[in-house]
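The next block holds one structure in the form of structure tokens; read it before the comments.
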Amino acid sequence: MDVMLGGVVEAGPRPEETGLVEATSVLPNAPDRGRRRFTYSALIGTVVASVPFLWILTNDWTGKFSLLRSNAGPDYYYDLQAQSMIHGHLWVPTGSLGIEGFLHGGRTYTYFGLLLSLLRIPIVLVAPNSMGHLTGPSILVAWLLTGLFSALLIWRVRILLRGSTALGWAEAVSFGVLMATIMGGSVLLYLASAPTVLDEDFAWTVPITVATLFVFCGILDRPFTGRVVAAGALVLAGALERPPGALACIVGAFLIAGWFFFGHGGAANKRWTLPMVAVGLVPAAAMSIVNWLKFGDFLNGVPLADQIWTSVNAHRHAFLAATGGKGVSPHFLPTMSWAYLQPFGLRAQSTFPFLSLPVHPPHIFGGYIVDTLYPTASVPASMPLLFLLSCLALVVCFRPGADRRARLLRIPLIAAAGATAVDFVYGYIAPRYLGDFLPFLVLGSAVGMVALWRLCEFRRRAVKVAAVAAVVALGVFSMMANIGLASTPTNRWTRQQATNYLQAAKAISDVTGHPLRRQIQRGWVLPYWAPANQIFVAGNCAGLYLSSGKRVETFIFPQLQHRTWVPVEQGSGIDTTLKITFNSPPSKLGVGVPLLTIGQDTIVVRPARDGGVKFVLRDRQYPAIGSSFTPMLGVPYEVHLRTDPFLQRVSIHTGPTTLLTGVLFSVNPRDAQVVVHTMAPAVSGPLTPLTVVNEPMPKPNMSLCRSLLNDR
């Protein structure tokens, strides 16, 4: 059908090749049966994947389902930026971002993009109480969009490569397995396991980039105005979200412009050169303007030297000095290539969850200083189905003599691969960075799956059955691997999560020959590090701890506080609850009133300069001063103190407010005696400055610890 645009007759799109807004009418010329089969298979695959994904996102061993949960506490980064944007600027309140903040011109900024803050503005205006709790729902929306655009992209690739060829049940089953693998057998599960804004950032990059690739494929085959406008909107959204994927799509837009300019799309389509240049230029300009508004620079990206974390961490200083202040260097290429692409990047173990993150971070080739290297699964090991199909796609599209339809997919594949480029030269590796690989794997696996069934089209039934079996086996393995990766303990877990997880691991161990007992270590001194899933029993069940496997060698205080370990059960004397009533103004406390003594350390409460009080840890090596708290006179406050001599960690809370965290460095775990300095209310005479009552605590339940010891 032809349409008139400004007096010029423009050929409209073929009905089977509609753009983003017409996606529901894809392939009306194909047999309805094949289209229905694909729809059913994609929906079934997504539903199957939703079971582990939703459990991990909303529960993940917490014992209850909540879409608003967050292991690290409320995440305000995007919300604070949204509030600032409402007031017409981009800086946020000083100190509100902690070590993640960036200081420029005396103001604090976040390095996160604007897109998710823009989407939050209506919510912040209508429901301000939701601030800090939107990460989980946001990741769920991103996951649903990933499913939608992945299905559309797979179907478009099939149309490009196979036209209206009938879709048989074997091929349909394979597409269902592919959708299940993308949605439930990929890094998306890990991003949902302990939802923070860092994970949310990657979770949204995936659907935006996949949608852009979907439109790019359509433009290359048959461009028209709607597709080009959609491409511009999607690339702009990516530019306002996260730079690596956006830059790759910007380069992709320029490559498409070059494709048309040199006549590869036909002489009639040369007119799309400038529109595609605009698709790349406008988002690039927007990204540069935002960077200038925040950091005063158009081209150099995020200035890591201005981050608050850089000012307090000597290792980060050394890392930036070694890379000229950029954080990126070609010297990292061998290290990162091995980390992400090695075939053995998983840990297999005899206990639940059987497949987990590697024990050690990747080897550093050349001995260069890197910022942070977390144990990270590799792409081939954790997502083998997507990886192998993507390898087949590269052969199909880039081999000499590839047909025109296959050649059309070269630019989208290059753009998708470009989204991972920074990961290979940046001196930082973490499991969430596998999210940058997923758009390439989605497109590559779609091409590979279509190519696989084109090869099997005229083969015997046994060959087709074998192909389906191989696809199913690899898909099931991918789901098991990523469920295991998402279930591996992290140091952000709560005690309840660690307890529920360890109980499940023990129940499975009990019916598989008690392999868990080989992971139990006993002693009085907790190691600073142990492999993930290692269990430590302190003394005679004075404490039970589970290792997350996280290394914190470059962070002195997390190491001293044994942040690798998650407490599961803690014995008597570790938890203390005091009911404190301030009877006089804080100034009457003098130099401080002792509340609790453990070993040679003492916790006191003393006046603060602002008229409130502060809780202080008196430790000979690492004293700590808490935040100011202004009490109301005569009101009893329930204050919870956790003094764990094995973790060498102290924390004080009243309700959700943290008053103090510190290191119990001078305490010997073997003979750590806790003494509470109570102050009874005066019966007659003048009131004491404060009243301190030791609230009785229930006897700690160490049943899991004792049952584990009985299995040894």
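Residues are referred to by chain and number: the chain letter is A, B, ... according to the order shown in the structure tokens, the number counts from 1 in that chain, and ligands are numbered separately from 1 in the order shown.
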Quiz item: Can you list, as a VMD selection string, every protein, DNA or RNA residue that comes within 9 Å of A:Gly435 when you count only C-alpha atoms, leaving out same-chain residues fewer than 2 positions away?
Solution: chain A and resid 186 to 188 191 199 202 to 203 205 to 206 420 431 to 433 437 to 439
Selected residues written out with C-alpha atoms, as a PDB file, in the first residue's frame:
ATOM      1  CA  SER A 186      20.008 -16.315  31.945  1.00  0.00           C
ATOM      2  CA  VAL A 187      21.532 -13.543  34.030  1.00  0.00           C
ATOM      3  CA  LEU A 188      18.032 -12.076  34.513  1.00  0.00           C
ATOM      4  CA  LEU A 191      19.633  -9.497  38.638  1.00  0.00           C
ATOM      5  CA  ASP A 199      20.725  -4.641  39.116  1.00  0.00           C
ATOM      6  CA  PHE A 202      21.217  -3.657  33.894  1.00  0.00           C
ATOM      7  CA  ALA A 203      17.716  -5.170  33.869  1.00  0.00           C
ATOM      8  CA  THR A 205      19.307  -2.103  29.458  1.00  0.00           C
ATOM      9  CA  VAL A 206      18.275  -5.528  28.149  1.00  0.00           C
ATOM     10  CA  THR A 420      29.756  -5.684  25.645  1.00  0.00           C
ATOM     11  CA  PRO A 431      28.033 -11.153  37.766  1.00  0.00           C
ATOM     12  CA  ARG A 432      25.592  -8.372  36.873  1.00  0.00           C
ATOM     13  CA  TYR A 433      27.807  -7.329  33.936  1.00  0.00           C
ATOM     14  CA  PHE A 437      25.854  -9.804  26.869  1.00  0.00           C
ATOM     15  CA  LEU A 438      22.168 -10.745  26.895  1.00  0.00           C
ATOM     16  CA  PRO A 439      20.943  -8.596  23.941  1.00  0.00           C
TER      17      PRO A 439
END
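Across the structure, atom CA of A:Ala267 and atom CA of A:Leu408 are spaced 16.1 Å apart.
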Which residues are close to A:Phe615, i.e. within 9 Å by only C-alpha atoms, leaving aside same-chain residues fewer than 5 positions away? Reply as a PDB file with C-alpha atoms, in the first residue's frame.
ATOM      1  CA  ILE A 603      29.665   1.142  74.350  1.00  0.00           C
ATOM      2  CA  VAL A 604      28.677   4.481  75.834  1.00  0.00           C
ATOM      3  CA  VAL A 605      26.049   7.108  75.132  1.00  0.00           C
ATOM      4  CA  ARG A 606      27.195  10.717  75.238  1.00  0.00           C
ATOM      5  CA  PRO A 607      25.918  14.190  74.302  1.00  0.00           C
ATOM      6  CA  ALA A 624      33.548   4.374  66.258  1.00  0.00           C
ATOM      7  CA  ILE A 625      31.056   7.204  66.706  1.00  0.00           C
ATOM      8  CA  GLY A 626      27.452   6.729  65.606  1.00  0.00           C
ATOM      9  CA  SER A 627      24.959   9.138  64.113  1.00  0.00           C
ATOM     10  CA  SER A 628      23.158  11.718  66.215  1.00  0.00           C
ATOM     11  CA  PHE A 629      19.801  10.806  67.731  1.00  0.00           C
ATOM     12  CA  ILE A 652      22.996  -0.633  67.391  1.00  0.00           C
ATOM     13  CA  LEU A 659      22.650   4.340  65.440  1.00  0.00           C
ATOM     14  CA  LEU A 660      26.117   2.762  65.277  1.00  0.00           C
TER      15      LEU A 660
END
Self-check item: Sel. of alpha helix (DSSP H) residues, stretch 120-242 of chain A, as a PyMOL selection string
Solution: chain A and resi 120-126+135-162+169-184+188-193+197-221+225-239
12 Å contact set for A:Ser138, only C-alpha atoms, chain neighbours under 5 positions out, as a PDB file with C-alpha atoms, in the first residue's frame:
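Full text of out.pdb as output:
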ATOM      1  CA  LEU A  57      12.493 -11.693  42.882  1.00  0.00           C
ATOM      2  CA  LEU A  67       7.657  -7.419  45.445  1.00  0.00           C
ATOM      3  CA  LEU A  68       8.969  -4.490  47.493  1.00  0.00           C
ATOM      4  CA  ASP A  75      17.194   2.305  47.260  1.00  0.00           C
ATOM      5  CA  TYR A  78      16.558   7.115  41.142  1.00  0.00           C
ATOM      6  CA  LEU A 115      15.288   7.452  32.189  1.00  0.00           C
ATOM      7  CA  LEU A 116      14.212   5.506  35.277  1.00  0.00           C
ATOM      8  CA  SER A 117      14.018   8.736  37.263  1.00  0.00           C
ATOM      9  CA  LEU A 119       9.525   7.122  34.813  1.00  0.00           C
ATOM     10  CA  ARG A 120       9.435   7.500  38.599  1.00  0.00           C
ATOM     11  CA  ILE A 123       4.891   7.771  41.139  1.00  0.00           C
ATOM     12  CA  GLY A 132      13.029   3.585  48.028  1.00  0.00           C
ATOM     13  CA  HIS A 133      10.833   0.558  47.326  1.00  0.00           C
ATOM     14  CA  TRP A 143      11.600  -8.599  32.686  1.00  0.00           C
ATOM     15  CA  LEU A 144       8.147  -8.544  31.080  1.00  0.00           C
ATOM     16  CA  LEU A 145       9.353  -6.133  28.395  1.00  0.00           C
ATOM     17  CA  LEU A 191      19.633  -9.497  38.638  1.00  0.00           C
ATOM     18  CA  ALA A 192      16.431 -10.319  40.512  1.00  0.00           C
ATOM     19  CA  PRO A 195      17.424  -6.323  43.824  1.00  0.00           C
ATOM     20  CA  THR A 196      19.264  -3.023  44.005  1.00  0.00           C
ATOM     21  CA  VAL A 197      19.408  -0.080  41.623  1.00  0.00           C
ATOM     22  CA  ASP A 199      20.725  -4.641  39.116  1.00  0.00           C
ATOM     23  CA  GLU A 200      17.753  -2.554  37.973  1.00  0.00           C
ATOM     24  CA  ASP A 201      20.080  -0.528  35.751  1.00  0.00           C
ATOM     25  CA  PHE A 202      21.217  -3.657  33.894  1.00  0.00           C
ATOM     26  CA  ALA A 203      17.716  -5.170  33.869  1.00  0.00           C
ATOM     27  CA  TRP A 204      16.384  -2.199  31.875  1.00  0.00           C
TER      28      TRP A 204
END
Counting only C-alpha atoms, what are the residues of stretch 347-382 of chain A within 12 Å of stretch 309-332 of chain A, and for each of them which pair of atoms is the nearest and at what distance in Å, to one decimal? Sort the table by chain and rising number, as a Markdown table.
| residue | atom | partner | partner_atom | distance |
| --- | --- | --- | --- | --- |
| A:Pro362 | CA | A:Phe332 | CA | 11.5 |
| A:His363 | CA | A:Phe332 | CA | 10.9 |
| A:Ile364 | CA | A:Phe332 | CA | 8.1 |
| A:Phe365 | CA | A:Phe332 | CA | 7.7 |
| A:Gly366 | CA | A:His331 | CA | 7.8 |
| A:Gly367 | CA | A:His331 | CA | 9.7 |
| A:Tyr368 | CA | A:His331 | CA | 7.5 |
| A:Ile369 | CA | A:Phe319 | CA | 5.6 |
| A:Val370 | CA | A:Phe319 | CA | 5.9 |
| A:Asp371 | CA | A:Phe319 | CA | 5.7 |
| A:Thr372 | CA | A:Arg316 | CA | 8.8 |
| A:Leu373 | CA | A:Phe332 | CA | 11.6 |
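Across the model, the gap from atom CA of A:Pro384 to atom CA of A:Ser50 is 19.9 Å.
Proximity ranking of A:Val450, A:Ala381, A:His360, A:Ala421 relative to A:Ser548 places A:His360 first, based on only C-alpha atoms.
For stretch 575-581 of chain A, the list of residues within 6 Å, based on only C-alpha atoms and with local chain neighbours fewer than 6 positions off taken out, reads Gly634, Val635, Pro636, Tyr637, Glu638, Val639, His640, Leu641, Arg642, Leu690, Thr691, Val692, Val693, Asn694 and Glu695 of chain A.
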Can I get the selected residues back with C-alpha atoms, as an mmCIF file, in the first residue's frame?
data_model
loop_
_atom_site.group_PDB
_atom_site.id
_atom_site.type_symbol
_atom_site.label_atom_id
_atom_site.label_comp_id
_atom_site.auth_asym_id
_atom_site.auth_seq_id
_atom_site.Cartn_x
_atom_site.Cartn_y
_atom_site.Cartn_z
ATOM 1 C CA GLY A 634 10.684 10.529 79.615
ATOM 2 C CA VAL A 635 9.948 8.291 76.612
ATOM 3 C CA PRO A 636 11.363 4.736 76.800
ATOM 4 C CA TYR A 637 13.297 3.688 73.675
ATOM 5 C CA GLU A 638 13.896 0.068 72.795
ATOM 6 C CA VAL A 639 17.509 -0.140 71.644
ATOM 7 C CA HIS A 640 18.822 -3.371 70.126
ATOM 8 C CA LEU A 641 22.553 -4.092 70.369
ATOM 9 C CA ARG A 642 24.234 -6.904 68.438
ATOM 10 C CA LEU A 690 18.867 8.027 82.099
ATOM 11 C CA THR A 691 17.268 4.747 83.026
ATOM 12 C CA VAL A 692 18.621 1.534 81.463
ATOM 13 C CA VAL A 693 16.651 -1.698 81.756
ATOM 14 C CA ASN A 694 17.965 -4.969 80.312
ATOM 15 C CA GLU A 695 15.020 -6.563 78.542
#
If you take only C-alpha atoms and a cut-off of 10 Å, which residues of stretch 125-206 of chain A touch stretch 36-40 of chain A, and what are their nearest atom pairs and distances in Å to one decimal, in chain and number order, as a Markdown table?
| residue | atom | partner | partner_atom | distance |
| --- | --- | --- | --- | --- |
| A:Ala151 | CA | A:Thr39 | CA | 8.4 |
| A:Leu152 | CA | A:Thr39 | CA | 9.9 |
| A:Ile154 | CA | A:Phe38 | CA | 9.7 |
| A:Trp155 | CA | A:Phe38 | CA | 8.0 |
| A:Leu167 | CA | A:Arg37 | CA | 7.4 |
| A:Gly168 | CA | A:Arg37 | CA | 8.1 |
| A:Trp169 | CA | A:Arg37 | CA | 7.4 |
| A:Glu171 | CA | A:Phe38 | CA | 8.8 |
| A:Ala172 | CA | A:Phe38 | CA | 5.6 |
| A:Val173 | CA | A:Phe38 | CA | 8.5 |
| A:Ser174 | CA | A:Phe38 | CA | 9.8 |
| A:Phe175 | CA | A:Phe38 | CA | 7.2 |
| A:Gly176 | CA | A:Phe38 | CA | 7.7 |
Let me see the file: selected residues, C-alpha atoms, as a compact mmCIF listing (two decimals), in the first residue's frame.
# COMPACT_ATOMS: atom_id res chain seq x y z
CA ALA A 151 9.53 -12.90 21.21
CA LEU A 152 9.02 -10.20 18.59
CA ILE A 154 12.77 -14.08 17.34
CA TRP A 155 9.70 -14.05 15.12
CA LEU A 167 6.33 -23.88 11.59
CA GLY A 168 6.24 -27.48 12.80
CA TRP A 169 5.73 -28.60 16.37
CA GLU A 171 10.56 -26.14 15.87
CA ALA A 172 7.82 -24.51 17.96
CA VAL A 173 8.92 -26.52 21.02
CA SER A 174 12.49 -25.34 20.43
CA PHE A 175 11.34 -21.72 20.33
CA GLY A 176 9.47 -22.26 23.61
Quiz item: Could you pull the residues within 8 Å of stretch 345-356 of chain A, counting only C-alpha atoms, minus those fewer than 5 positions along the same chain, as a PyMOL selection string?
Solution: chain A and resi 339-340+376-382+480-481+483-485+487-488+505+508-509+515-516
How would the residues just chosen look if you wrote them out with C-alpha atoms as a short mmCIF file (atom, residue, chain, number, x, y, z; two decimals), in the first residue's frame?
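Result written to out_16.cif:
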data_model
loop_
_atom_site.label_atom_id
_atom_site.label_comp_id
_atom_site.auth_asym_id
_atom_site.auth_seq_id
_atom_site.Cartn_x
_atom_site.Cartn_y
_atom_site.Cartn_z
CA ALA A 339 36.60 -14.35 32.68
CA TYR A 340 33.58 -13.92 30.41
CA THR A 376 31.68 -14.38 38.08
CA ALA A 377 30.20 -17.10 35.90
CA SER A 378 31.22 -17.14 32.26
CA VAL A 379 28.80 -16.82 29.37
CA PRO A 380 29.41 -20.28 27.83
CA ALA A 381 29.17 -22.07 31.18
CA SER A 382 26.08 -20.31 32.55
CA MET A 480 19.54 -24.98 36.68
CA ALA A 481 22.79 -23.05 36.45
CA ILE A 483 18.82 -20.74 39.54
CA GLY A 484 21.95 -21.90 41.34
CA LEU A 485 23.76 -18.62 40.66
CA SER A 487 20.50 -18.88 44.99
CA THR A 488 24.16 -18.62 45.98
CA ALA A 505 20.48 -27.51 51.76
CA ILE A 508 18.59 -32.27 50.44
CA SER A 509 21.90 -33.38 51.91
CA PRO A 515 27.65 -34.34 51.54
CA LEU A 516 27.05 -31.06 53.41
#
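The shell of residues at most 8 Å from A:Asn533, with only C-alpha atoms counted and near chain neighbours (fewer than 4 positions) removed, consists of Thr488, Pro489, Gln519, Leu546, Ser547, Ser548 and Gly549 of chain A.
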Quiz item: At what distance in Å, to one decimal, does atom CA of A:Arg551 lie from atom CA of A:Thr657?
Solution: 27.6 Å
